[in-house]
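Take a look at the structure below.
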Amino acid sequence: MSRKIKLGILGGGGDSLIGVLHRVAANMFDKYEIVGGVFNPNFKENIEFAKTLGLNSSRIYEDYESLIEEESKLNSSEKMQVISVLTPNFLHYPMAKKLLENNFHVICEKPLTTTYKEAIELQQIQKEKNAVFAVTHTYTGYPMVRQMTKMISDGIIGDIQKVDAQYLQGWLNPIIHDKNKRSSTWRLDPEKSGSSCCLGDIGTHAFNMVELVTGMKVDKLLADLNTLYEDNQMDVDANILIRFSNNAKGTIRSSQIATGEENNIRINVYGSKGALKWEQENPNYLYQLSDDRPLQVLKPGHSYNSKISLDGTKLPPGHPEGIFDAMGNIYKGVARAINNETYDKAEFPAIEDGVRGMDFIEKALDSNSKGNVWVELNK
Ligand SMILES: NC(=O)c1ccc[n+]([C@@H]2O[C@H](COP(=O)([O-])OP(=O)(O)OC[C@H]3O[C@@H](n4cnc5c(N)ncnc54)[C@H](O)[C@@H]3O)[C@@H](O)[C@H]2O)c1
């Protein structure tokens with residue numbers, strides 16, 4: 001039996017949103033052992049939190065530089081093999097760069113970096129090092145997203161003619177109207193978030209979903225962004241028209257001021273022979289529409305699903321699986337890649353998805369600042 005992959009974590013402390021999702025996901029299939037990390041920039045809090053996880057403090061470090069230095073001294077059977085980077089956005093690039101340079105595999109939160117240039121640089125190093133690099137677009141791990149992707153690539157809905165994607169949240173509404181409250185979130189601080197708030201945080205998820213499920217690349221976009229107030233420089237709402245090279249067209253709408261919305265990411269793909277619709281707040285239902293048959297609802301775990309969809313389901317049909325399971329599926333795929341086992345590229349989003357995401361953000365900002373003009377994405 002193969003030994004567990006040694007995993008380190010940067011960020012994701014007890015005060016964080018995303019840490020628990022990664023820890024549960026890493027433990028879900030018994031493929032990883034979390035051995036240490038830097039959960040928090042405050043060393044005392046870092047140690048305290050590590051204790052609550054039952055971790056030995058000898059592998060809890062002051063900062064990522066000392067983690068890399070000390071871990072690199074260990075022999076290969078002890079050393080952390082892969083590190084999850086779960087910090088605010090501005091730290092992804094320096095952390096991932098140094099990790100790659102020192103021969104660690106990386107699982108990185110989105111957005112990959114704060115600029116496209118940094119993303120390309122990371123990709124270059126990742127290629128040179130032949131490292132496994134995942135970017136956690138969590139929603140891609142859902143069984144019915146995998147099923148939708150497979151059905152579209154099998155031509156079940158024919159040629160794609162329209163794509164409608166959205167990611168709507170409302171959590172910024174109680175914050176944005178009061179200037180004093182805006183500093184309560186790093187997401188509105190360009191120093192920590194990068195040049196975008198809404199697009200970087202959630203627009204990239206919708207963009208990644210569009211390219212994943214359609215199997216097509218967005219060719220051009222036209223963006224109309226909203227900061228709501230002149231004294232807020234960060235986008236909090238986005239309406240984007242997209243075009244693909246085959247002349248299919250679509251929209252990506254993302255917002256953090258869609259009052260009352262929670263995590264309403266949804267994608268509809270309309271083809272010449274039918275359509276498929278999926279939404280993450282009801283993730284176990286995939287809707288199949290056609291011109292001449294009643295609506296069909298596909299669910300996970302049934303034998304009519306594809307191999308890759310079934311691989312993402314653990315329990316018999318009717319036992320709802322959710323966001324933890326979706327992230328668990330991503331970690332499972334990454335484990336296969338690290339262990340040099342056979343895996344399907346669709347099992348986890350990789351660095352090229354992160355690079356595409358950064359191009360999407362920068363081109364949308366560019367389109368908006370030039371007066372809502374069409375801008376081409378890089379090939
Ligand atoms: N995949 C998803 O669906 C999803 C969802 C939420 C957040 N995210 C991404 O995850 C990242 C973190 O977001 P969050 O909401 O958890 O943020 P958060 O502010 O809730 O938590 C950030 C964590 O990083 C730690 N941290 C900060 N500076 C650090 C440093 N120098 N060294 C070590 N730890 C440090 C903080 O102590 C905290 O524990 C962001 O990039 C965000 O875009 C992704």
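Naming scheme: A, B, ... for chains in displayed order of the structure tokens; residues 1 onward per chain; ligands 1 onward as shown.
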
Give me the stretch 209-326 of chain A side of the contact with stretch 365-369 of chain A, cut-off 12 Å, one line per residue showing its nearest atom pair and distance in Å at one decimal, counting only C-alpha atoms, sorted by chain and residue number, as a tab-separated table.
```
residue	atom	partner	partner_atom	distance
A:Lys220	CA	A:Ser367	CA	10.0
A:Leu221	CA	A:Ser367	CA	7.6
A:Leu222	CA	A:Ser367	CA	5.8
A:Ala223	CA	A:Asn368	CA	5.3
A:Asp224	CA	A:Asn368	CA	5.4
A:Leu225	CA	A:Asn368	CA	6.2
A:Asn226	CA	A:Asn368	CA	9.2
A:Thr227	CA	A:Asn368	CA	11.3
A:Gln233	CA	A:Leu365	CA	11.5
A:Met234	CA	A:Leu365	CA	10.2
A:Asp235	CA	A:Leu365	CA	8.8
A:Asp237	CA	A:Leu365	CA	11.8
A:Ala238	CA	A:Asn368	CA	9.6
A:Asn239	CA	A:Asn368	CA	10.1
A:Ile240	CA	A:Asn368	CA	9.5
A:Leu241	CA	A:Ser367	CA	10.7
A:Ile242	CA	A:Ser367	CA	11.7
```

task: List every residue of stretch 173-335 of chain A that DSSP, applied to the backbone of this structure, places in strand (DSSP E or B), and write the result as a ChimeraX atom specification.
output: /A:218-226,237-244,249-255,264-271,275-279,286-289,296-298

Report as CSV the residues of stretch 318-372 of chain A within 12 Å of stretch 247-265 of chain A, each with its shortest atom pair and distance in Å (one decimal), using only C-alpha atoms, ordered by chain and increasing residue number.
```
residue,atom,partner,partner_atom,distance
A:Ile323,CA,A:Asn263,CA,11.1
A:Phe360,CA,A:Ile252,CA,11.1
A:Ala364,CA,A:Ile252,CA,10.9
```

Pull the closest atom pair for each residue of chain A that gets at most 8 Å from ligand 1, along with the distance in Å to one decimal, counting only C-alpha atoms and all ligand atoms, ordering rows by chain and then ascending residue number, as a tab-separated table.
```
residue	atom	partner	partner_atom_place_in_ligand_line	distance
A:Leu10	CA	ligand 1	33 (C)	5.0
A:Gly11	CA	ligand 1	34 (N)	3.3
A:Gly12	CA	ligand 1	39 (O)	4.3
A:Gly13	CA	ligand 1	39 (O)	3.4
A:Gly14	CA	ligand 1	39 (O)	5.9
A:Asp15	CA	ligand 1	39 (O)	5.0
A:Ser16	CA	ligand 1	20 (O)	3.3
A:Leu17	CA	ligand 1	16 (O)	3.8
A:Ile18	CA	ligand 1	16 (O)	3.9
A:Gly19	CA	ligand 1	16 (O)	6.0
A:Val38	CA	ligand 1	33 (C)	4.9
A:Phe39	CA	ligand 1	34 (N)	4.6
A:Asn40	CA	ligand 1	37 (O)	3.7
A:Pro41	CA	ligand 1	30 (C)	4.4
A:Asn42	CA	ligand 1	37 (O)	7.5
A:Asp63	CA	ligand 1	32 (N)	5.9
A:Tyr64	CA	ligand 1	32 (N)	6.6
A:Val85	CA	ligand 1	11 (C)	7.8
A:Leu86	CA	ligand 1	11 (C)	4.7
A:Thr87	CA	ligand 1	24 (O)	3.8
A:Pro88	CA	ligand 1	40 (C)	4.4
A:Asn89	CA	ligand 1	41 (O)	4.2
A:Phe90	CA	ligand 1	41 (O)	8.0
A:Leu91	CA	ligand 1	31 (N)	7.0
A:His92	CA	ligand 1	41 (O)	7.3
A:Glu109	CA	ligand 1	10 (O)	5.0
A:Lys110	CA	ligand 1	43 (O)	5.1
A:Pro111	CA	ligand 1	43 (O)	5.9
A:Leu112	CA	ligand 1	41 (O)	7.8
A:Thr136	CA	ligand 1	1 (N)	5.2
A:His137	CA	ligand 1	1 (N)	5.1
A:Thr138	CA	ligand 1	1 (N)	4.9
A:Tyr139	CA	ligand 1	3 (O)	7.2
A:Thr185	CA	ligand 1	19 (O)	7.7
A:Trp186	CA	ligand 1	19 (O)	7.0
A:Ser193	CA	ligand 1	41 (O)	7.9
A:Gly200	CA	ligand 1	43 (O)	7.1
A:Asp201	CA	ligand 1	43 (O)	5.1
A:Ile202	CA	ligand 1	3 (O)	7.9
A:His205	CA	ligand 1	3 (O)	7.7
```

Point-to-point distance from atom CA of A:Gln169 to atom CA of A:Gly203, Å rounded to tenths: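 It comes out at 10.7 Å.
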
Mind dumping a table of every stretch 271-344 of chain A residue within 6 Å of stretch 154-159 of chain A, with the nearest atom pair and its distance in Å to one decimal, using only C-alpha atoms, sorted by chain and rising number, as a Markdown table?
```
| residue | atom | partner | partner_atom | distance |
| --- | --- | --- | --- | --- |
| A:Gly271 | CA | A:Ile157 | CA | 5.0 |
| A:Ser272 | CA | A:Gly158 | CA | 4.9 |
| A:Lys273 | CA | A:Ile157 | CA | 4.6 |
| A:Gly274 | CA | A:Ile157 | CA | 4.3 |
| A:Ala275 | CA | A:Ile157 | CA | 5.7 |
```

query: In stretch 85-216 of chain A, what's helix (DSSP H, G or I) per DSSP? Answer as an NGL selection string?
result: :A and (89-101 or 116-129 or 138-141 or 143-153 or 173-176 or 179-184 or 186-188 or 190-193 or 198-214)

field: Neighbour list for A:Gly322 as a list in words, cut-off 8 Å, only C-alpha atoms, skip fewer than 2 positions in-chain
entry: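 Within the cut-off, the hits are Tyr142, Pro283, Pro320, Phe324, Asp325 and Ala326 of chain A.
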
Could you dump the residues just selected with C-alpha atoms as a PDB file, in the first residue's frame?
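Generated output (again.pdb):
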```
ATOM      1  CA  TYR A 142     -19.061  18.272  -8.592  1.00  0.00           C
ATOM      2  CA  PRO A 283     -25.700  20.579  -7.235  1.00  0.00           C
ATOM      3  CA  PRO A 320     -26.625  14.489  -1.184  1.00  0.00           C
ATOM      4  CA  PHE A 324     -16.709  19.421   0.583  1.00  0.00           C
ATOM      5  CA  ASP A 325     -17.075  16.428  -1.728  1.00  0.00           C
ATOM      6  CA  ALA A 326     -16.360  18.583  -4.808  1.00  0.00           C
TER       7      ALA A 326
END
```

A:Asp359, A:Glu211, A:Asp219, A:Asp30 ranked by distance to A:Ala346, top pick (using only C-alpha atoms):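 Checking each candidate against A:Ala346, we get A:Glu211 as the closest.
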
message: When you count only C-alpha atoms, which of these residues is closest to A:Gln166: A:Tyr287, A:Phe104, A:Phe348, A:Phe207?
response: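 Closest to A:Gln166, using only C-alpha atoms: A:Phe207.
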
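Put simply, atom CA of A:Asn339 is 20.3 Å away from atom CA of A:Gly36.
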
- request: Excluding A:Glu69 and residues on its chain fewer than 5 positions from it, collect all residues at most 12 Å away from it, counting only C-alpha atoms, and give them as a VMD selection string.
  value: chain A and resid 59 61 to 64 74 79 to 80 98 to 99 101 to 104

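Atom CA of A:Met209 to atom CA of A:Arg356 spans 11.7 Å [interatomic distance, one decimal].
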
message: Taking 6 positions as the minimum chain separation for residues in the same chain, which residues sit within 10 Å of A:Met28 when counting only C-alpha atoms? Answer as a list in words.
response: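 After dropping sequence-adjacent residues, the list is His22, Phe324, Asp325, Met327, Gly328, Asn329, Tyr331 and Lys332 of chain A.
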
Written selection (N, CA and C atoms) as a PDB file, in the first residue's frame:
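The resulting selection15.pdb:
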```
ATOM      1  N   HIS A  22     -10.423  22.802   2.610  1.00  0.00           N
ATOM      2  CA  HIS A  22      -9.224  22.097   2.131  1.00  0.00           C
ATOM      3  C   HIS A  22      -8.819  20.974   3.088  1.00  0.00           C
ATOM      4  N   PHE A 324     -17.866  20.124   0.005  1.00  0.00           N
ATOM      5  CA  PHE A 324     -16.709  19.421   0.583  1.00  0.00           C
ATOM      6  C   PHE A 324     -16.308  18.257  -0.337  1.00  0.00           C
ATOM      7  N   ASP A 325     -17.333  17.564  -0.845  1.00  0.00           N
ATOM      8  CA  ASP A 325     -17.075  16.428  -1.728  1.00  0.00           C
ATOM      9  C   ASP A 325     -16.450  16.894  -3.046  1.00  0.00           C
ATOM     10  N   MET A 327     -14.518  19.515  -3.516  1.00  0.00           N
ATOM     11  CA  MET A 327     -13.095  19.803  -3.277  1.00  0.00           C
ATOM     12  C   MET A 327     -12.338  18.498  -3.018  1.00  0.00           C
ATOM     13  N   GLY A 328     -12.987  17.541  -2.343  1.00  0.00           N
ATOM     14  CA  GLY A 328     -12.357  16.230  -2.115  1.00  0.00           C
ATOM     15  C   GLY A 328     -12.006  15.556  -3.436  1.00  0.00           C
ATOM     16  N   ASN A 329     -12.872  15.702  -4.415  1.00  0.00           N
ATOM     17  CA  ASN A 329     -12.608  15.100  -5.729  1.00  0.00           C
ATOM     18  C   ASN A 329     -11.392  15.739  -6.394  1.00  0.00           C
ATOM     19  N   TYR A 331      -8.842  17.126  -4.771  1.00  0.00           N
ATOM     20  CA  TYR A 331      -7.668  16.605  -4.060  1.00  0.00           C
ATOM     21  C   TYR A 331      -7.356  15.156  -4.478  1.00  0.00           C
ATOM     22  N   LYS A 332      -8.410  14.390  -4.742  1.00  0.00           N
ATOM     23  CA  LYS A 332      -8.186  12.992  -5.174  1.00  0.00           C
ATOM     24  C   LYS A 332      -7.438  12.959  -6.507  1.00  0.00           C
TER      25      LYS A 332
END
```

Extract, using only C-alpha atoms, all DNA, RNA and protein residues at most 6 Å from A:Ile9, discarding same-chain residues fewer than 2 positions from it, and format them as a compact mmCIF listing (two decimals) with N, CA and C atoms, in the first residue's frame.
```
# COMPACT_ATOMS: atom_id res chain seq x y z
N GLY A 37 2.64 23.56 8.58
CA GLY A 37 2.42 24.70 7.70
C GLY A 37 2.57 26.02 8.42
N ILE A 83 2.12 21.62 -1.21
CA ILE A 83 1.69 22.67 -0.28
C ILE A 83 0.43 23.33 -0.84
N SER A 84 -0.57 23.50 0.01
CA SER A 84 -1.77 24.23 -0.38
C SER A 84 -1.61 25.69 0.02
```

- prompt: Between A:Arg23, A:Lys51, A:Arg146, A:Lys97, which one has atoms that come closest to A:Ile68, using only C-alpha atoms?
  reply: A:Lys97

message: Report as JSON, numbers by chain all protein, DNA and RNA residues lying within 10 Å of A:His319, evaluated on only C-alpha atoms, omitting residues in the same chain fewer than 4 positions from it.
response: {"A": [284, 300, 301, 313, 314, 315]}

Store the residues picked out above in a file with N, CA and C atoms, as a short mmCIF file (atom, residue, chain, number, x, y, z; two decimals), in the first residue's frame.
```cif
data_model
loop_
_atom_site.label_atom_id
_atom_site.label_comp_id
_atom_site.auth_asym_id
_atom_site.auth_seq_id
_atom_site.Cartn_x
_atom_site.Cartn_y
_atom_site.Cartn_z
N ASN A 284 -26.92 18.48 -7.11
CA ASN A 284 -27.13 17.08 -7.48
C ASN A 284 -28.16 16.91 -8.60
N PRO A 300 -26.53 12.26 -9.53
CA PRO A 300 -25.25 11.54 -9.39
C PRO A 300 -25.42 10.09 -8.93
N GLY A 301 -24.41 9.29 -9.22
CA GLY A 301 -24.34 7.94 -8.66
C GLY A 301 -25.07 6.89 -9.47
N THR A 313 -18.50 10.39 -7.01
CA THR A 313 -19.63 10.10 -6.11
C THR A 313 -19.23 8.97 -5.17
N LYS A 314 -19.46 9.15 -3.88
CA LYS A 314 -19.02 8.11 -2.93
C LYS A 314 -20.16 7.23 -2.45
N LEU A 315 -21.35 7.79 -2.43
CA LEU A 315 -22.48 7.09 -1.81
C LEU A 315 -23.54 6.73 -2.85
#
```
